[in-house]
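**Q** Submitted below is the structure of interest, expressed as structure tokens.
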Amino acid sequence: MFWEVPKAKLADRDAATERVYAFHASKYFDQIEPFSDAKIALGVLKERFELHVVTSRQADIEDQTREFVEKHFPGVFTELHFGNHFGREGKKTSKPDMCAKIGAVALIDDSIDYARQCAEAGLPVFLFGQYGWNRSSQPLSPLITRVHTWRMVAQLVTPELIDVART
């Protein structure tokens with residue numbers, strides 16, 4: 001939601017969407033690297049859960065996203081699900097709806113907005129990172145747990161903690 005960031009100097013959502021599409025078409029998009037400890041943490045989680053990617057990414061970059069996941073996380077995820085939230089065209093699906101469709105027991109996400117939406121739908125959420133876009137002066141739902149590192153994710157995301165959060 002770059003149109004909400006004053007330093008981005010974007011007039012509105014459409015201008016932000018165009019900037020993001022330009023980035024996706026650049027060489028820099030294909031050079032993105034995952035967090036170094038994400039693969040280890042996801043390996044730990046894969047021993048406990050069936051893992052899916054639930055992303056707001058546009059359908060336009062589905063092929064690039066699948067290639068990235070296969071390159072950096074081969075065999076880790078059962079499936080990738082695209083919400084197409086900022087796509088120029090095509091159906092858009094909310095994260096709570098995608099999570100419900102696959103029977104998700106929890107979500108790890110860096111967006112406070114998506115965390116709130118999923119918590120309101122009764123899904124435990126692990127809000128990842130300490131970013132400007134996921135800070136809040138308002139109290140968080142009891143279903144939202146902040147996790148600052150992938151190591152913390154691997155330690156906290158357990159079936160037992162998810163069961164406690166849901167009760």
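Following the order of the structure tokens, first chain is A, next is B, and so on, with residues numbered from 1 inside each chain and ligands from 1 in the order they appear.
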Hey, what's within 10 Å of A:His24 if we count only C-alpha atoms and toss same-chain stuff fewer than 6 positions away? As an mmCIF file with all heavy atoms, in the first residue's frame, please?
**A**
```cif
data_model
loop_
_atom_site.group_PDB
_atom_site.id
_atom_site.type_symbol
_atom_site.label_atom_id
_atom_site.label_comp_id
_atom_site.auth_asym_id
_atom_site.auth_seq_id
_atom_site.Cartn_x
_atom_site.Cartn_y
_atom_site.Cartn_z
ATOM 1 N N GLU A 18 1.094 0.792 -10.632
ATOM 2 C CA GLU A 18 1.972 0.935 -11.799
ATOM 3 C C GLU A 18 3.440 0.832 -11.401
ATOM 4 O O GLU A 18 4.243 0.219 -12.108
ATOM 5 C CB GLU A 18 1.691 2.253 -12.525
ATOM 6 C CG GLU A 18 0.333 2.289 -13.206
ATOM 7 C CD GLU A 18 0.070 1.097 -14.119
ATOM 8 O OE1 GLU A 18 0.943 0.747 -14.939
ATOM 9 O OE2 GLU A 18 -1.025 0.499 -13.995
ATOM 10 N N ASP A 30 13.752 -10.317 -10.043
ATOM 11 C CA ASP A 30 14.276 -11.681 -10.141
ATOM 12 C C ASP A 30 15.527 -11.905 -9.295
ATOM 13 O O ASP A 30 16.001 -13.030 -9.184
ATOM 14 C CB ASP A 30 14.564 -12.040 -11.605
ATOM 15 C CG ASP A 30 13.287 -12.174 -12.410
ATOM 16 O OD1 ASP A 30 12.257 -12.607 -11.838
ATOM 17 O OD2 ASP A 30 13.296 -11.845 -13.615
ATOM 18 N N ASP A 60 -0.512 -12.004 -12.378
ATOM 19 C CA ASP A 60 0.472 -11.679 -13.424
ATOM 20 C C ASP A 60 1.879 -12.178 -13.104
ATOM 21 O O ASP A 60 2.676 -12.376 -14.016
ATOM 22 C CB ASP A 60 0.554 -10.161 -13.641
ATOM 23 C CG ASP A 60 -0.738 -9.570 -14.164
ATOM 24 O OD1 ASP A 60 -1.569 -10.313 -14.705
ATOM 25 O OD2 ASP A 60 -0.913 -8.349 -14.033
ATOM 26 N N ILE A 61 2.203 -12.336 -11.835
ATOM 27 C CA ILE A 61 3.545 -12.790 -11.471
ATOM 28 C C ILE A 61 3.520 -14.189 -10.851
ATOM 29 O O ILE A 61 4.455 -14.588 -10.154
ATOM 30 C CB ILE A 61 4.265 -11.779 -10.546
ATOM 31 C CG1 ILE A 61 3.461 -11.514 -9.273
ATOM 32 C CG2 ILE A 61 4.597 -10.507 -11.299
ATOM 33 C CD1 ILE A 61 4.230 -10.744 -8.216
ATOM 34 N N GLN A 64 6.567 -16.326 -12.099
ATOM 35 C CA GLN A 64 7.820 -15.901 -11.464
ATOM 36 C C GLN A 64 7.851 -16.318 -9.993
ATOM 37 O O GLN A 64 8.894 -16.729 -9.483
ATOM 38 C CB GLN A 64 7.978 -14.384 -11.554
ATOM 39 C CG GLN A 64 8.324 -13.882 -12.946
ATOM 40 C CD GLN A 64 8.228 -12.368 -13.000
ATOM 41 O OE1 GLN A 64 7.131 -11.828 -13.064
ATOM 42 N NE2 GLN A 64 9.378 -11.707 -12.980
#
```
**Q** Neighbours of A:Phe77 within 8 Å (only C-alpha atoms; same-chain residues fewer than 5 positions away dropped), as a ChimeraX atom specification?
**A** /A:50-53
**Q** Using only C-alpha atoms, which of the listed residues (A:Glu47, A:Asp97, A:Asp12, A:Glu79) sits closest to A:Cys118?
**A**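 Of A:Glu47, A:Asp97, A:Asp12, A:Glu79, the one nearest A:Cys118 is A:Asp97, counting only C-alpha atoms.
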**Q** Need the shell around stretch 35-40 of chain A: protein/DNA/RNA residues with any atom at most 8 Å away, counting only C-alpha atoms. Skip same-chain ones fewer than 2 positions apart. Format as an MDAnalysis selection string?
**A** chainID A and resid 33 42:44 72:73 150:151
**Q** Could you pull out the residues in stretch 8-124 of chain A that DSSP calls helix (DSSP H, G or I) from the backbone, as a PyMOL selection string?
**A** chain A and resi 8+13-25+29-31+38-48+59-72+95-102+112-120
**Q** Using only C-alpha atoms, which of A:Ala41, A:Leu161, A:Cys99, A:Ala25 sits nearest A:Ser56?
**A**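 Among the listed residues, A:Cys99 lies closest to A:Ser56.
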**Q** Between A:Thr17, A:Thr149, A:Val105, A:Gln130, which one has atoms that come closest to A:Asn84, using only C-alpha atoms?
**A**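 Among the listed residues, A:Thr17 lies closest to A:Asn84.
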**Q** With only C-alpha atoms as the atoms that count, which of A:Tyr131, A:Val164, A:Pro139, A:Gly103 lies nearest to A:Arg116?
**A**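 Using only C-alpha atoms, A:Arg116 sits closest to A:Pro139.
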**Q** Taking only chain A into account, list the residues labelled strand (DSSP E) by DSSP (computed from the backbone), as a VMD selection string.
**A** chain A and resid 52 to 55 79 to 82 107 to 109 125 to 128 144 to 147
**Q** Go ahead and write the selection's residues with N, CA and C atoms as a compact mmCIF listing (two decimals), in the first residue's frame.
**A**
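Result file follows (result.txt):
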```txt
# COMPACT_ATOMS: atom_id res chain seq x y z
N HIS A 52 1.52 -24.25 2.99
CA HIS A 52 1.01 -23.63 1.77
C HIS A 52 1.47 -22.17 1.75
N VAL A 53 1.66 -21.62 0.58
CA VAL A 53 1.88 -20.19 0.43
C VAL A 53 0.51 -19.57 0.14
N VAL A 54 0.14 -18.58 0.94
CA VAL A 54 -1.09 -17.82 0.74
C VAL A 54 -0.63 -16.38 0.56
N THR A 55 -0.69 -15.89 -0.68
CA THR A 55 -0.11 -14.59 -0.98
C THR A 55 -1.12 -13.67 -1.66
N GLU A 79 1.25 -26.25 -1.95
CA GLU A 79 0.63 -25.46 -3.03
C GLU A 79 0.82 -23.98 -2.76
N LEU A 80 0.69 -23.18 -3.81
CA LEU A 80 0.72 -21.73 -3.71
C LEU A 80 -0.66 -21.21 -4.11
N HIS A 81 -1.17 -20.25 -3.35
CA HIS A 81 -2.49 -19.68 -3.57
C HIS A 81 -2.34 -18.17 -3.73
N PHE A 82 -2.89 -17.62 -4.81
CA PHE A 82 -2.71 -16.22 -5.16
C PHE A 82 -4.00 -15.44 -4.99
N LEU A 107 -1.68 -18.65 10.16
CA LEU A 107 -1.07 -17.88 9.08
C LEU A 107 0.15 -17.17 9.62
N ILE A 108 1.22 -17.16 8.85
CA ILE A 108 2.40 -16.34 9.14
C ILE A 108 2.40 -15.26 8.08
N ASP A 109 2.37 -13.99 8.50
CA ASP A 109 2.25 -12.89 7.54
C ASP A 109 2.93 -11.66 8.11
N VAL A 125 -2.74 -16.02 13.99
CA VAL A 125 -1.79 -15.40 13.07
C VAL A 125 -0.49 -15.10 13.80
N PHE A 126 0.61 -15.37 13.12
CA PHE A 126 1.93 -15.00 13.61
C PHE A 126 2.39 -13.85 12.73
N LEU A 127 2.40 -12.65 13.32
CA LEU A 127 2.73 -11.42 12.60
C LEU A 127 4.24 -11.26 12.56
N PHE A 128 4.81 -11.42 11.37
CA PHE A 128 6.25 -11.49 11.22
C PHE A 128 6.89 -10.12 11.04
N ILE A 144 -3.36 -12.88 17.51
CA ILE A 144 -2.17 -12.43 16.79
C ILE A 144 -0.97 -12.44 17.73
N THR A 145 0.07 -13.17 17.32
CA THR A 145 1.32 -13.26 18.07
C THR A 145 2.42 -12.67 17.21
N ARG A 146 3.15 -11.71 17.74
CA ARG A 146 4.28 -11.13 16.99
C ARG A 146 5.48 -12.07 17.05
N VAL A 147 6.10 -12.24 15.88
CA VAL A 147 7.33 -13.02 15.77
C VAL A 147 8.33 -12.16 15.01
```
**Q** Using only C-alpha atoms, which of the listed residues (A:Lys91, A:Ala106, A:Asp63, A:Gly129) sits closest to A:His148?
**A** A:Gly129
**Q** For A:Pro96, which residue among A:Ala121, A:Leu45, A:Ala22, A:Val69 is the nearest when counting only C-alpha atoms?
**A**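 Among the listed residues, A:Ala121 lies closest to A:Pro96.
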